[in-house]
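What follows is query.pdb (PDB, C-alpha atoms).
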```pdb
MODEL        1
ATOM      1  CA  MET A   1      -2.365   8.850  -0.074
ATOM      2  CA  GLN A   2      -5.522  10.855  -0.287
ATOM      3  CA  ILE A   3      -8.612  10.569  -2.479
ATOM      4  CA  ARG A   4     -10.352  13.680  -3.748
ATOM      5  CA  PRO A   5     -12.717  14.626  -6.583
ATOM      6  CA  ILE A   6     -11.027  15.300  -9.908
ATOM      7  CA  ALA A   7     -10.166  18.891 -10.913
ATOM      8  CA  ILE A   8      -9.481  20.367 -14.331
ATOM      9  CA  GLU A   9      -5.893  21.112 -13.188
ATOM     10  CA  ASP A  10      -5.319  17.333 -12.998
ATOM     11  CA  ALA A  11      -5.687  16.934 -16.766
ATOM     12  CA  GLU A  12      -1.990  17.184 -17.619
ATOM     13  CA  GLN A  13      -0.872  14.509 -15.137
ATOM     14  CA  ILE A  14      -3.771  12.225 -16.066
ATOM     15  CA  SER A  15      -3.101  12.601 -19.776
ATOM     16  CA  ARG A  16       0.515  11.594 -19.232
ATOM     17  CA  ILE A  17      -0.472   8.460 -17.271
ATOM     18  CA  ARG A  18      -3.096   7.548 -19.911
ATOM     19  CA  ARG A  19      -0.413   7.267 -22.575
ATOM     20  CA  LEU A  20       1.968   5.007 -20.599
ATOM     21  CA  ASP A  21       2.743   1.434 -21.731
ATOM     22  CA  GLY A  22       0.649  -0.916 -19.652
ATOM     23  CA  VAL A  23      -2.065   1.677 -19.059
ATOM     24  CA  ARG A  24      -2.970   2.830 -22.571
ATOM     25  CA  GLU A  25      -3.982  -0.593 -23.932
ATOM     26  CA  GLY A  26      -6.618  -1.165 -21.296
ATOM     27  CA  ILE A  27      -8.288   2.244 -21.383
ATOM     28  CA  LEU A  28      -8.742   2.862 -25.123
ATOM     29  CA  ALA A  29      -6.005   5.475 -25.317
ATOM     30  CA  VAL A  30      -3.296   5.854 -27.973
ATOM     31  CA  THR A  31       0.225   7.310 -27.744
ATOM     32  CA  SER A  32      -0.821  10.282 -29.894
ATOM     33  CA  GLU A  33      -3.652  11.247 -27.588
ATOM     34  CA  ARG A  34      -3.594  14.997 -26.958
ATOM     35  CA  LEU A  35      -4.275  16.813 -23.700
ATOM     36  CA  ASP A  36      -7.637  18.109 -24.888
ATOM     37  CA  VAL A  37      -9.105  14.579 -24.817
ATOM     38  CA  THR A  38      -8.631  14.514 -21.043
ATOM     39  CA  VAL A  39      -9.618  18.161 -20.594
ATOM     40  CA  ASN A  40     -12.835  17.608 -22.549
ATOM     41  CA  PHE A  41     -13.573  14.437 -20.612
ATOM     42  CA  ILE A  42     -13.278  16.217 -17.259
ATOM     43  CA  LYS A  43     -15.448  19.065 -18.547
ATOM     44  CA  SER A  44     -18.055  16.604 -19.818
ATOM     45  CA  LEU A  45     -18.697  15.088 -16.374
ATOM     46  CA  SER A  46     -22.231  15.799 -15.158
ATOM     47  CA  ASP A  47     -23.831  15.815 -11.700
ATOM     48  CA  ASP A  48     -24.756  12.146 -12.220
ATOM     49  CA  ASP A  49     -21.145  11.150 -12.839
ATOM     50  CA  ARG A  50     -18.316  10.764 -10.336
ATOM     51  CA  ALA A  51     -14.549  10.995 -10.770
ATOM     52  CA  PHE A  52     -11.852  10.749  -8.112
ATOM     53  CA  VAL A  53      -8.078  10.876  -8.131
ATOM     54  CA  ALA A  54      -5.689   9.245  -5.685
ATOM     55  CA  VAL A  55      -3.023  11.778  -4.768
ATOM     56  CA  GLU A  56       0.380  11.209  -3.211
ATOM     57  CA  LYS A  57       2.561  13.877  -1.628
ATOM     58  CA  LYS A  58       3.220  17.069  -3.622
ATOM     59  CA  ASP A  59      -0.125  16.506  -5.328
ATOM     60  CA  GLU A  60       1.245  13.768  -7.550
ATOM     61  CA  ILE A  61      -1.561  11.746  -9.100
ATOM     62  CA  ALA A  62      -1.211   7.983  -8.626
ATOM     63  CA  GLY A  63      -4.512   6.909 -10.110
ATOM     64  CA  MET A  64      -8.054   7.831 -10.990
ATOM     65  CA  ALA A  65     -11.473   6.239 -11.098
ATOM     66  CA  VAL A  66     -14.598   7.396 -12.895
ATOM     67  CA  LEU A  67     -18.208   6.375 -12.966
ATOM     68  CA  VAL A  68     -20.176   7.635 -15.967
ATOM     69  CA  LYS A  69     -23.913   7.147 -15.911
ATOM     70  CA  ASN A  70     -25.356   5.612 -19.094
ATOM     71  CA  LYS A  71     -27.071   8.318 -21.125
ATOM     72  CA  CYS A  72     -29.684   6.039 -22.666
ATOM     73  CA  PHE A  73     -33.059   6.417 -20.951
ATOM     74  CA  LYS A  74     -33.683   2.671 -20.839
ATOM     75  CA  ARG A  75     -30.374   2.191 -19.075
ATOM     76  CA  ARG A  76     -30.631   5.089 -16.635
ATOM     77  CA  HIS A  77     -30.190   2.684 -13.690
ATOM     78  CA  SER A  78     -26.652   1.817 -14.764
ATOM     79  CA  ALA A  79     -23.187   3.308 -15.150
ATOM     80  CA  MET A  80     -19.801   2.463 -16.668
ATOM     81  CA  LEU A  81     -16.814   2.326 -14.355
ATOM     82  CA  ALA A  82     -13.202   2.882 -15.371
ATOM     83  CA  ILE A  83     -10.123   2.965 -13.197
ATOM     84  CA  MET A  84      -6.400   3.325 -13.771
ATOM     85  CA  VAL A  85      -3.352   3.348 -11.529
ATOM     86  CA  ALA A  86       0.075   4.508 -12.703
ATOM     87  CA  PRO A  87       2.308   1.412 -13.156
ATOM     88  CA  TYR A  88       4.824   2.569 -10.514
ATOM     89  CA  TYR A  89       2.029   2.938  -7.951
ATOM     90  CA  GLN A  90       0.346  -0.409  -8.585
ATOM     91  CA  GLU A  91      -0.118  -3.118  -5.930
ATOM     92  CA  LYS A  92      -0.154  -0.594  -3.089
ATOM     93  CA  GLY A  93      -3.892  -0.590  -2.385
ATOM     94  CA  ILE A  94      -4.636   2.496  -4.484
ATOM     95  CA  GLY A  95      -7.052   0.662  -6.757
ATOM     96  CA  THR A  96      -8.884  -0.755  -3.762
ATOM     97  CA  ALA A  97      -9.223   2.681  -2.141
ATOM     98  CA  LEU A  98     -10.484   4.255  -5.366
ATOM     99  CA  MET A  99     -12.978   1.436  -5.996
ATOM    100  CA  LYS A 100     -14.326   1.664  -2.453
ATOM    101  CA  ARG A 101     -14.865   5.412  -2.695
ATOM    102  CA  LEU A 102     -16.562   5.168  -6.086
ATOM    103  CA  LEU A 103     -18.846   2.250  -5.182
ATOM    104  CA  ASP A 104     -19.873   3.926  -1.899
ATOM    105  CA  GLU A 105     -21.013   6.895  -3.986
ATOM    106  CA  ALA A 106     -22.808   4.613  -6.458
ATOM    107  CA  ASP A 107     -24.662   2.699  -3.727
ATOM    108  CA  GLU A 108     -25.401   5.467  -1.250
ATOM    109  CA  LYS A 109     -25.828   8.601  -3.372
ATOM    110  CA  LEU A 110     -26.632   7.534  -6.937
ATOM    111  CA  PHE A 111     -28.660   4.381  -6.059
ATOM    112  CA  LEU A 112     -27.429   2.636  -9.185
ATOM    113  CA  ARG A 113     -28.741  -0.842  -9.891
ATOM    114  CA  ARG A 114     -25.994  -1.882 -12.289
ATOM    115  CA  ILE A 115     -22.352  -0.976 -12.743
ATOM    116  CA  GLU A 116     -20.306  -2.372 -15.604
ATOM    117  CA  LEU A 117     -16.725  -2.247 -16.797
ATOM    118  CA  LEU A 118     -14.333  -3.589 -19.418
ATOM    119  CA  VAL A 119     -11.003  -5.229 -18.675
ATOM    120  CA  LEU A 120      -8.423  -7.024 -20.817
ATOM    121  CA  THR A 121      -8.653 -10.775 -20.184
ATOM    122  CA  ASP A 122      -4.934 -10.961 -19.271
ATOM    123  CA  ASN A 123      -5.097  -8.227 -16.614
ATOM    124  CA  THR A 124      -5.360 -10.597 -13.653
ATOM    125  CA  PRO A 125      -4.618  -8.068 -10.867
ATOM    126  CA  ALA A 126      -7.430  -5.797 -12.103
ATOM    127  CA  ILE A 127      -9.869  -8.706 -12.565
ATOM    128  CA  ASN A 128      -9.172  -9.862  -8.997
ATOM    129  CA  LEU A 129      -9.758  -6.331  -7.701
ATOM    130  CA  TYR A 130     -13.117  -6.152  -9.484
ATOM    131  CA  LYS A 131     -14.147  -9.602  -8.230
ATOM    132  CA  LYS A 132     -13.312  -8.513  -4.687
ATOM    133  CA  PHE A 133     -15.915  -5.753  -5.086
ATOM    134  CA  GLY A 134     -18.642  -8.079  -6.377
ATOM    135  CA  PHE A 135     -18.159  -7.794 -10.137
ATOM    136  CA  LYS A 136     -18.822 -10.916 -12.186
ATOM    137  CA  ILE A 137     -17.609 -11.736 -15.694
ATOM    138  CA  GLU A 138     -20.689 -11.525 -17.899
ATOM    139  CA  ALA A 139     -19.232 -11.691 -21.397
ATOM    140  CA  THR A 140     -15.949 -12.287 -23.216
ATOM    141  CA  ARG A 141     -15.549  -9.804 -26.057
ATOM    142  CA  LYS A 142     -13.398 -11.355 -28.774
ATOM    143  CA  ASN A 143     -10.868  -9.066 -30.499
ATOM    144  CA  ALA A 144     -12.381  -6.040 -28.773
ATOM    145  CA  ALA A 145      -9.058  -4.375 -27.976
ATOM    146  CA  VAL A 146      -5.583  -4.070 -29.414
ATOM    147  CA  LYS A 147      -2.244  -4.622 -27.693
ATOM    148  CA  ASP A 148       1.141  -4.586 -29.409
ATOM    149  CA  GLY A 149      -0.232  -4.983 -32.925
ATOM    150  CA  ARG A 150      -2.585  -7.819 -32.046
ATOM    151  CA  PHE A 151      -6.255  -8.102 -31.314
ATOM    152  CA  VAL A 152      -6.902  -9.178 -27.728
ATOM    153  CA  ASP A 153     -10.047 -10.141 -25.825
ATOM    154  CA  GLU A 154     -11.843  -8.178 -23.172
ATOM    155  CA  TYR A 155     -14.138  -9.206 -20.338
ATOM    156  CA  PHE A 156     -17.340  -7.310 -19.762
ATOM    157  CA  MET A 157     -17.999  -7.382 -16.014
ATOM    158  CA  GLY A 158     -21.114  -6.322 -14.126
ATOM    159  CA  ARG A 159     -22.167  -5.756 -10.521
ATOM    160  CA  ILE A 160     -25.807  -5.629  -9.442
ATOM    161  CA  ASN A 161     -27.000  -3.830  -6.331
ATOM    162  CA  LYS A 162     -30.464  -5.237  -5.588
ATOM    163  CA  LYS A 163     -31.297  -2.211  -3.444
ATOM    164  CA  GLY A 164     -30.402   0.186  -6.197
ATOM    165  CA  ASP A 165     -33.705   0.559  -7.984
ATOM    166  CA  SER A 166     -34.974   3.850  -6.616
ATOM    167  CA  LEU A 167     -34.751   5.370 -10.090
ATOM    168  CA  ARG A 168     -37.678   3.360 -11.391
TER     169      ARG A 168
ATOM    170  CA  MET B   1     -35.937  -6.485 -54.155
ATOM    171  CA  ILE B   2     -33.590  -3.523 -54.072
ATOM    172  CA  ILE B   3     -31.121  -2.579 -51.350
ATOM    173  CA  ARG B   4     -30.006   1.040 -51.452
ATOM    174  CA  PRO B   5     -28.698   3.808 -49.149
ATOM    175  CA  VAL B   6     -31.268   5.680 -47.092
ATOM    176  CA  THR B   7     -32.661   9.080 -48.096
ATOM    177  CA  LEU B   8     -34.557  11.613 -46.025
ATOM    178  CA  ASP B   9     -37.733  10.598 -47.909
ATOM    179  CA  ASP B  10     -37.560   7.201 -46.159
ATOM    180  CA  ALA B  11     -38.190   8.785 -42.752
ATOM    181  CA  ARG B  12     -41.965   8.389 -43.007
ATOM    182  CA  ASP B  13     -41.780   4.668 -43.888
ATOM    183  CA  ILE B  14     -39.228   3.978 -41.162
ATOM    184  CA  ARG B  15     -41.355   5.808 -38.611
ATOM    185  CA  GLU B  16     -44.393   3.814 -39.660
ATOM    186  CA  ILE B  17     -42.697   0.446 -39.145
ATOM    187  CA  SER B  18     -41.110   1.587 -35.922
ATOM    188  CA  SER B  19     -44.477   2.623 -34.431
ATOM    189  CA  ASP B  20     -45.957  -0.840 -35.109
ATOM    190  CA  SER B  21     -45.979  -2.487 -31.670
ATOM    191  CA  SER B  22     -45.385  -5.944 -33.167
ATOM    192  CA  VAL B  23     -42.048  -4.783 -34.587
ATOM    193  CA  ARG B  24     -40.990  -2.632 -31.663
ATOM    194  CA  LYS B  25     -38.849  -5.247 -29.959
ATOM    195  CA  SER B  26     -35.630  -3.804 -31.257
ATOM    196  CA  MET B  27     -32.096  -5.019 -31.045
ATOM    197  CA  ASN B  28     -29.590  -2.757 -29.355
ATOM    198  CA  ILE B  29     -31.943  -1.671 -26.618
ATOM    199  CA  SER B  30     -29.482   0.875 -25.338
ATOM    200  CA  GLN B  31     -29.594   2.927 -28.497
ATOM    201  CA  ALA B  32     -32.318   5.188 -29.738
ATOM    202  CA  GLY B  33     -32.978   2.920 -32.709
ATOM    203  CA  PHE B  34     -35.342   4.103 -35.395
ATOM    204  CA  THR B  35     -37.952   5.859 -33.272
ATOM    205  CA  ASP B  36     -37.048   9.347 -34.486
ATOM    206  CA  ALA B  37     -36.204   8.472 -38.082
ATOM    207  CA  GLU B  38     -36.010  11.998 -39.419
ATOM    208  CA  LYS B  39     -33.563  13.104 -36.736
ATOM    209  CA  LEU B  40     -31.571   9.907 -37.214
ATOM    210  CA  ILE B  41     -31.201  10.440 -40.970
ATOM    211  CA  LYS B  42     -30.411  14.146 -40.646
ATOM    212  CA  ASN B  43     -27.713  13.486 -38.048
ATOM    213  CA  LEU B  44     -25.952  10.614 -39.816
ATOM    214  CA  THR B  45     -22.163  11.020 -39.809
ATOM    215  CA  PRO B  46     -19.611   9.445 -42.178
ATOM    216  CA  HIS B  47     -19.341   6.681 -39.545
ATOM    217  CA  ASP B  48     -23.003   5.722 -39.908
ATOM    218  CA  HIS B  49     -24.300   3.506 -42.703
ATOM    219  CA  VAL B  50     -27.991   2.982 -43.365
ATOM    220  CA  LEU B  51     -29.355   0.655 -46.055
ATOM    221  CA  VAL B  52     -33.019   0.127 -46.849
ATOM    222  CA  LEU B  53     -34.725  -2.741 -48.618
ATOM    223  CA  GLU B  54     -37.717  -2.168 -50.890
ATOM    224  CA  THR B  55     -39.677  -4.098 -53.501
ATOM    225  CA  GLU B  56     -38.603  -3.828 -57.100
ATOM    226  CA  VAL B  57     -41.973  -3.923 -58.856
ATOM    227  CA  GLU B  58     -44.545  -1.127 -58.768
ATOM    228  CA  PRO B  59     -45.944  -0.063 -56.436
ATOM    229  CA  VAL B  60     -42.595   0.147 -54.632
ATOM    230  CA  GLU B  61     -43.049  -0.858 -51.014
ATOM    231  CA  PHE B  62     -40.649  -0.194 -48.163
ATOM    232  CA  CYS B  63     -39.743  -3.409 -46.313
ATOM    233  CA  GLY B  64     -36.983  -2.735 -43.811
ATOM    234  CA  VAL B  65     -33.903  -0.817 -42.739
ATOM    235  CA  VAL B  66     -30.493  -1.626 -41.274
ATOM    236  CA  LEU B  67     -28.124   0.706 -39.415
ATOM    237  CA  LEU B  68     -24.417  -0.039 -39.095
ATOM    238  CA  LYS B  69     -22.905   2.459 -36.690
ATOM    239  CA  VAL B  70     -19.109   2.476 -36.572
ATOM    240  CA  ASP B  71     -17.682   3.645 -33.258
ATOM    241  CA  HIS B  72     -16.262   7.127 -33.810
ATOM    242  CA  GLN B  73     -13.596   6.926 -31.094
ATOM    243  CA  ILE B  74     -10.169   6.574 -32.694
ATOM    244  CA  PHE B  75      -9.393   3.439 -30.752
ATOM    245  CA  LEU B  76     -12.698   1.765 -31.540
ATOM    246  CA  ARG B  77     -13.109   2.426 -35.260
ATOM    247  CA  ARG B  78     -12.780  -1.296 -35.904
ATOM    248  CA  GLN B  79     -16.052  -1.868 -34.082
ATOM    249  CA  ALA B  80     -19.625  -1.208 -35.078
ATOM    250  CA  THR B  81     -23.102  -1.859 -33.776
ATOM    251  CA  LEU B  82     -25.881  -3.148 -35.979
ATOM    252  CA  GLU B  83     -29.608  -2.559 -35.778
ATOM    253  CA  ILE B  84     -32.209  -3.928 -38.174
ATOM    254  CA  MET B  85     -35.955  -3.488 -38.435
ATOM    255  CA  MET B  86     -38.369  -5.184 -40.856
ATOM    256  CA  GLY B  87     -42.020  -4.336 -41.430
ATOM    257  CA  ALA B  88     -44.371  -6.968 -39.955
ATOM    258  CA  LYS B  89     -45.611  -8.260 -43.301
ATOM    259  CA  TRP B  90     -42.087  -8.566 -44.693
ATOM    260  CA  GLN B  91     -40.746 -10.776 -41.919
ATOM    261  CA  LYS B  92     -39.920 -14.490 -42.184
ATOM    262  CA  GLN B  93     -39.230 -14.386 -45.945
ATOM    263  CA  GLY B  94     -35.459 -14.120 -45.821
ATOM    264  CA  LEU B  95     -35.581 -10.387 -46.511
ATOM    265  CA  GLY B  96     -34.181  -9.433 -43.106
ATOM    266  CA  LYS B  97     -31.369 -11.867 -43.724
ATOM    267  CA  ALA B  98     -30.615 -10.346 -47.133
ATOM    268  CA  LEU B  99     -30.561  -6.851 -45.678
ATOM    269  CA  MET B 100     -28.330  -7.894 -42.800
ATOM    270  CA  MET B 101     -26.042  -9.676 -45.238
ATOM    271  CA  ALA B 102     -25.663  -6.437 -47.218
ATOM    272  CA  ALA B 103     -24.658  -4.554 -44.067
ATOM    273  CA  LEU B 104     -22.214  -7.272 -42.985
ATOM    274  CA  GLU B 105     -20.606  -7.458 -46.432
ATOM    275  CA  LEU B 106     -20.128  -3.702 -46.295
ATOM    276  CA  ALA B 107     -18.495  -4.108 -42.877
ATOM    277  CA  ASP B 108     -16.307  -7.049 -43.970
ATOM    278  CA  LYS B 109     -15.233  -6.112 -47.455
ATOM    279  CA  GLU B 110     -15.274  -2.332 -47.598
ATOM    280  CA  LEU B 111     -15.068  -0.864 -44.116
ATOM    281  CA  MET B 112     -12.816  -3.658 -42.766
ATOM    282  CA  ILE B 113     -14.648  -3.667 -39.451
ATOM    283  CA  GLU B 114     -13.283  -6.271 -37.015
ATOM    284  CA  ARG B 115     -16.282  -6.560 -34.685
ATOM    285  CA  VAL B 116     -19.981  -6.005 -35.268
ATOM    286  CA  GLU B 117     -22.016  -6.038 -32.065
ATOM    287  CA  VAL B 118     -25.674  -6.436 -31.196
ATOM    288  CA  GLU B 119     -27.486  -6.661 -27.905
ATOM    289  CA  ILE B 120     -30.764  -8.544 -27.770
ATOM    290  CA  SER B 121     -33.197  -8.794 -24.886
ATOM    291  CA  THR B 122     -33.387 -12.431 -23.767
ATOM    292  CA  ASP B 123     -37.051 -12.761 -24.842
ATOM    293  CA  ASN B 124     -36.434 -11.657 -28.448
ATOM    294  CA  LEU B 125     -35.842 -15.122 -29.887
ATOM    295  CA  ASN B 126     -36.484 -14.202 -33.530
ATOM    296  CA  ALA B 127     -33.676 -11.647 -33.493
ATOM    297  CA  LEU B 128     -31.400 -14.091 -31.706
ATOM    298  CA  LYS B 129     -32.062 -16.734 -34.352
ATOM    299  CA  LEU B 130     -31.428 -14.310 -37.208
ATOM    300  CA  CYS B 131     -28.157 -13.076 -35.715
ATOM    301  CA  LYS B 132     -26.897 -16.571 -34.978
ATOM    302  CA  SER B 133     -27.611 -17.639 -38.553
ATOM    303  CA  MET B 134     -25.467 -14.736 -39.735
ATOM    304  CA  GLY B 135     -22.448 -15.819 -37.706
ATOM    305  CA  PHE B 136     -22.989 -13.818 -34.547
ATOM    306  CA  LYS B 137     -21.955 -15.553 -31.333
ATOM    307  CA  VAL B 138     -23.388 -14.962 -27.883
ATOM    308  CA  GLU B 139     -20.513 -13.565 -25.829
ATOM    309  CA  GLY B 140     -22.445 -13.423 -22.591
ATOM    310  CA  THR B 141     -25.647 -12.598 -20.768
ATOM    311  CA  VAL B 142     -26.015  -9.306 -18.915
ATOM    312  CA  LYS B 143     -28.372  -9.024 -15.959
ATOM    313  CA  ASP B 144     -30.754  -6.107 -15.442
ATOM    314  CA  TRP B 145     -29.420  -4.587 -18.664
ATOM    315  CA  ALA B 146     -32.326  -2.246 -19.356
ATOM    316  CA  ILE B 147     -35.660  -1.090 -18.025
ATOM    317  CA  SER B 148     -38.608  -2.245 -20.154
ATOM    318  CA  ASP B 149     -41.603  -0.069 -21.032
ATOM    319  CA  ASP B 150     -43.412  -1.767 -18.129
ATOM    320  CA  GLY B 151     -40.702  -0.671 -15.703
ATOM    321  CA  GLU B 152     -39.173  -4.126 -15.286
ATOM    322  CA  PHE B 153     -35.469  -4.885 -15.368
ATOM    323  CA  ILE B 154     -34.699  -7.077 -18.355
ATOM    324  CA  ASP B 155     -31.670  -9.228 -19.171
ATOM    325  CA  ALA B 156     -29.950  -9.230 -22.545
ATOM    326  CA  TYR B 157     -27.566 -11.276 -24.641
ATOM    327  CA  LEU B 158     -24.442  -9.546 -25.916
ATOM    328  CA  LEU B 159     -23.488 -10.869 -29.348
ATOM    329  CA  ALA B 160     -20.666 -10.111 -31.722
ATOM    330  CA  ARG B 161     -19.395 -11.255 -35.071
ATOM    331  CA  CYS B 162     -15.704 -10.912 -35.891
ATOM    332  CA  ARG B 163     -14.559 -10.298 -39.452
ATOM    333  CA  PRO B 164     -14.078 -13.561 -41.334
ATOM    334  CA  ARG B 165     -10.442 -14.037 -42.365
ATOM    335  CA  LEU B 166     -10.135 -14.138 -46.141
ATOM    336  CA  LYS B 167      -7.829 -16.712 -47.669
TER     337      LYS B 167
ENDMDL
END
```

Entire entry expressed as structure tokens:
Amino acid sequence: MQIRPIAIEDAEQISRIRRLDGVREGILAVTSERLDVTVNFIKSLSDDDRAFVAVEKKDEIAGMAVLVKNKCFKRRHSAMLAIMVAPYYQEKGIGTALMKRLLDEADEKLFLRRIELLVLTDNTPAINLYKKFGFKIEATRKNAAVKDGRFVDEYFMGRINKKGDSLR
Amino acid sequence: MIIRPVTLDDARDIREISSDSSVRKSMNISQAGFTDAEKLIKNLTPHDHVLVLETEVEPVEFCGVVLLKVDHQIFLRRQATLEIMMGAKWQKQGLGKALMMAALELADKELMIERVEVEISTDNLNALKLCKSMGFKVEGTVKDWAISDDGEFIDAYLLARCRPRLK
């Protein structure tokens, strides 16, 4: 497994993973989501953002992780993190490798103070992964997501890097 | 008291209130708020709802404004953020509450919004009190949420109100 920056050619594989059962619900995707959503997302990434894919042999994408800096001026010290791993590649350390790469960038290149993310409250493996990297549950968002025709709750998690205030 | 949809002519009044430093402590710190009222009104989409409250008797005076912004992402159209701003001399008379009530009734009974969210800096106790009285619940506290005008990191409460279930 290898981790490399995302490329526009990855859009098709990523779009397919985004729509899978077990992935879709947690990342605000729907089964009708067209390819251009992913294409436009990749194109929209700026120099302040980071996106990596985990690639297996034959360039098959196993997962991706993105860090999008908050656009609001008052929140310029912070970014939103999102990560997904294809169900058949889960529990093999791919999430850990992606998180490590992304957080190294955040701490050493972007000097971010705050990183935040959303996760469904029943996604224990993901929550444990985030806790391992220093994220804490800050809020429980009632009925913030939908799974199988029902409203479900989401955790809002945050990680503070005390050294990351060079943007002030 | 009259509550009506915003018009471009309201931009001047909104700007005036928004430039008053005693009112500037806004909710939803991470959004632009009402600072550039003209741009805000011109760029409103069908997902944005703005109501204003003014006095009924002459001379008509502008008291406050509320913005209900429904998330435009397909998946999140059941969620909205709310921002309200009242002129200094119109505060503490129940007017802010009436205006917020109008926005929440719109969300509940017409738009069928499931979640209305606000974020409030932890030192803005008046806003916190108002929101709590309208059924908002604190869902958590976020550390170093924003950078204040003085360059300090400030914490915030995240609040939300879910749609009441009708019998």

Determine, using all atoms listed in the file, which residues of chain B have any atom at most 9 Å from an atom of chain A, and tabulate each with its shortest atom pair and distance in Å to one decimal place, rows ordered by chain and then rising number, as a Markdown table.
```
| residue | atom | partner | partner_atom | distance |
| --- | --- | --- | --- | --- |
| B:Ile29 | CA | A:Lys74 | CA | 7.4 |
| B:Ser30 | CA | A:Cys72 | CA | 5.8 |
| B:Gln31 | CA | A:Cys72 | CA | 6.6 |
| B:Ala32 | CA | A:Cys72 | CA | 7.6 |
| B:Gln73 | CA | A:Leu28 | CA | 8.7 |
| B:Ile74 | CA | A:Val30 | CA | 8.4 |
| B:Phe75 | CA | A:Leu28 | CA | 5.7 |
| B:Leu76 | CA | A:Leu28 | CA | 7.6 |
| B:Arg78 | CA | A:Ala144 | CA | 8.6 |
| B:Gln79 | CA | A:Ala144 | CA | 7.7 |
| B:Glu114 | CA | A:Asn143 | CA | 7.5 |
| B:Arg115 | CA | A:Ala144 | CA | 7.1 |
| B:Val138 | CA | A:Ala139 | CA | 8.4 |
| B:Glu139 | CA | A:Ala139 | CA | 5.0 |
| B:Gly140 | CA | A:Ala139 | CA | 3.8 |
| B:Thr141 | CA | A:Glu138 | CA | 5.8 |
| B:Val142 | CA | A:Glu138 | CA | 5.9 |
| B:Lys143 | CA | A:Ile160 | CA | 7.8 |
| B:Asp144 | CA | A:Arg114 | CA | 7.1 |
| B:Trp145 | CA | A:Arg75 | CA | 6.9 |
| B:Ala146 | CA | A:Arg75 | CA | 4.9 |
| B:Ile147 | CA | A:Lys74 | CA | 5.1 |
| B:Ser148 | CA | A:Lys74 | CA | 7.0 |
| B:Asp149 | CA | A:Lys74 | CA | 8.4 |
| B:Gly151 | CA | A:Arg168 | CA | 6.6 |
| B:Glu152 | CA | A:Arg168 | CA | 8.6 |
| B:Tyr157 | CA | A:Ala139 | CA | 9.0 |
| B:Leu158 | CA | A:Ala139 | CA | 7.2 |
| B:Leu159 | CA | A:Arg141 | CA | 8.7 |
| B:Ala160 | CA | A:Arg141 | CA | 7.6 |
| B:Arg161 | CA | A:Lys142 | CA | 8.7 |
| B:Cys162 | CA | A:Asn143 | CA | 7.5 |
```

What would the file look like if the residues just selected were written as a PDB file, in the coordinates of the input with C-alpha atoms?
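Dumped to selection_38.pdb:
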```pdb
ATOM      1  CA  ILE B  29     -31.943  -1.671 -26.618  1.00  0.00           C
ATOM      2  CA  SER B  30     -29.482   0.875 -25.338  1.00  0.00           C
ATOM      3  CA  GLN B  31     -29.594   2.927 -28.497  1.00  0.00           C
ATOM      4  CA  ALA B  32     -32.318   5.188 -29.738  1.00  0.00           C
ATOM      5  CA  GLN B  73     -13.596   6.926 -31.094  1.00  0.00           C
ATOM      6  CA  ILE B  74     -10.169   6.574 -32.694  1.00  0.00           C
ATOM      7  CA  PHE B  75      -9.393   3.439 -30.752  1.00  0.00           C
ATOM      8  CA  LEU B  76     -12.698   1.765 -31.540  1.00  0.00           C
ATOM      9  CA  ARG B  78     -12.780  -1.296 -35.904  1.00  0.00           C
ATOM     10  CA  GLN B  79     -16.052  -1.868 -34.082  1.00  0.00           C
ATOM     11  CA  GLU B 114     -13.283  -6.271 -37.015  1.00  0.00           C
ATOM     12  CA  ARG B 115     -16.282  -6.560 -34.685  1.00  0.00           C
ATOM     13  CA  VAL B 138     -23.388 -14.962 -27.883  1.00  0.00           C
ATOM     14  CA  GLU B 139     -20.513 -13.565 -25.829  1.00  0.00           C
ATOM     15  CA  GLY B 140     -22.445 -13.423 -22.591  1.00  0.00           C
ATOM     16  CA  THR B 141     -25.647 -12.598 -20.768  1.00  0.00           C
ATOM     17  CA  VAL B 142     -26.015  -9.306 -18.915  1.00  0.00           C
ATOM     18  CA  LYS B 143     -28.372  -9.024 -15.959  1.00  0.00           C
ATOM     19  CA  ASP B 144     -30.754  -6.107 -15.442  1.00  0.00           C
ATOM     20  CA  TRP B 145     -29.420  -4.587 -18.664  1.00  0.00           C
ATOM     21  CA  ALA B 146     -32.326  -2.246 -19.356  1.00  0.00           C
ATOM     22  CA  ILE B 147     -35.660  -1.090 -18.025  1.00  0.00           C
ATOM     23  CA  SER B 148     -38.608  -2.245 -20.154  1.00  0.00           C
ATOM     24  CA  ASP B 149     -41.603  -0.069 -21.032  1.00  0.00           C
ATOM     25  CA  GLY B 151     -40.702  -0.671 -15.703  1.00  0.00           C
ATOM     26  CA  GLU B 152     -39.173  -4.126 -15.286  1.00  0.00           C
ATOM     27  CA  TYR B 157     -27.566 -11.276 -24.641  1.00  0.00           C
ATOM     28  CA  LEU B 158     -24.442  -9.546 -25.916  1.00  0.00           C
ATOM     29  CA  LEU B 159     -23.488 -10.869 -29.348  1.00  0.00           C
ATOM     30  CA  ALA B 160     -20.666 -10.111 -31.722  1.00  0.00           C
ATOM     31  CA  ARG B 161     -19.395 -11.255 -35.071  1.00  0.00           C
ATOM     32  CA  CYS B 162     -15.704 -10.912 -35.891  1.00  0.00           C
TER      33      CYS B 162
END
```

| query | So, counting all atoms listed in the file, which residue among B:Leu95, B:Ala37, B:Val65, B:Val6 is closest to B:Leu82? | reply | B:Val65

| query | Counting only C-alpha atoms, what is within 8 Å of B:Val23, bar same-chain residues fewer than 2 positions away, as a VMD selection string? | reply | chain B and resid 17 to 21 25 to 26 85 to 88

| said: Could you check the closest approach to B:Asp155 for each of B:Val66, B:Ile120, B:Leu130, B:Ile2 and tell me which residue wins, using all atoms listed in the file? | reply: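 Using all atoms listed in the file, B:Asp155 sits closest to B:Ile120.
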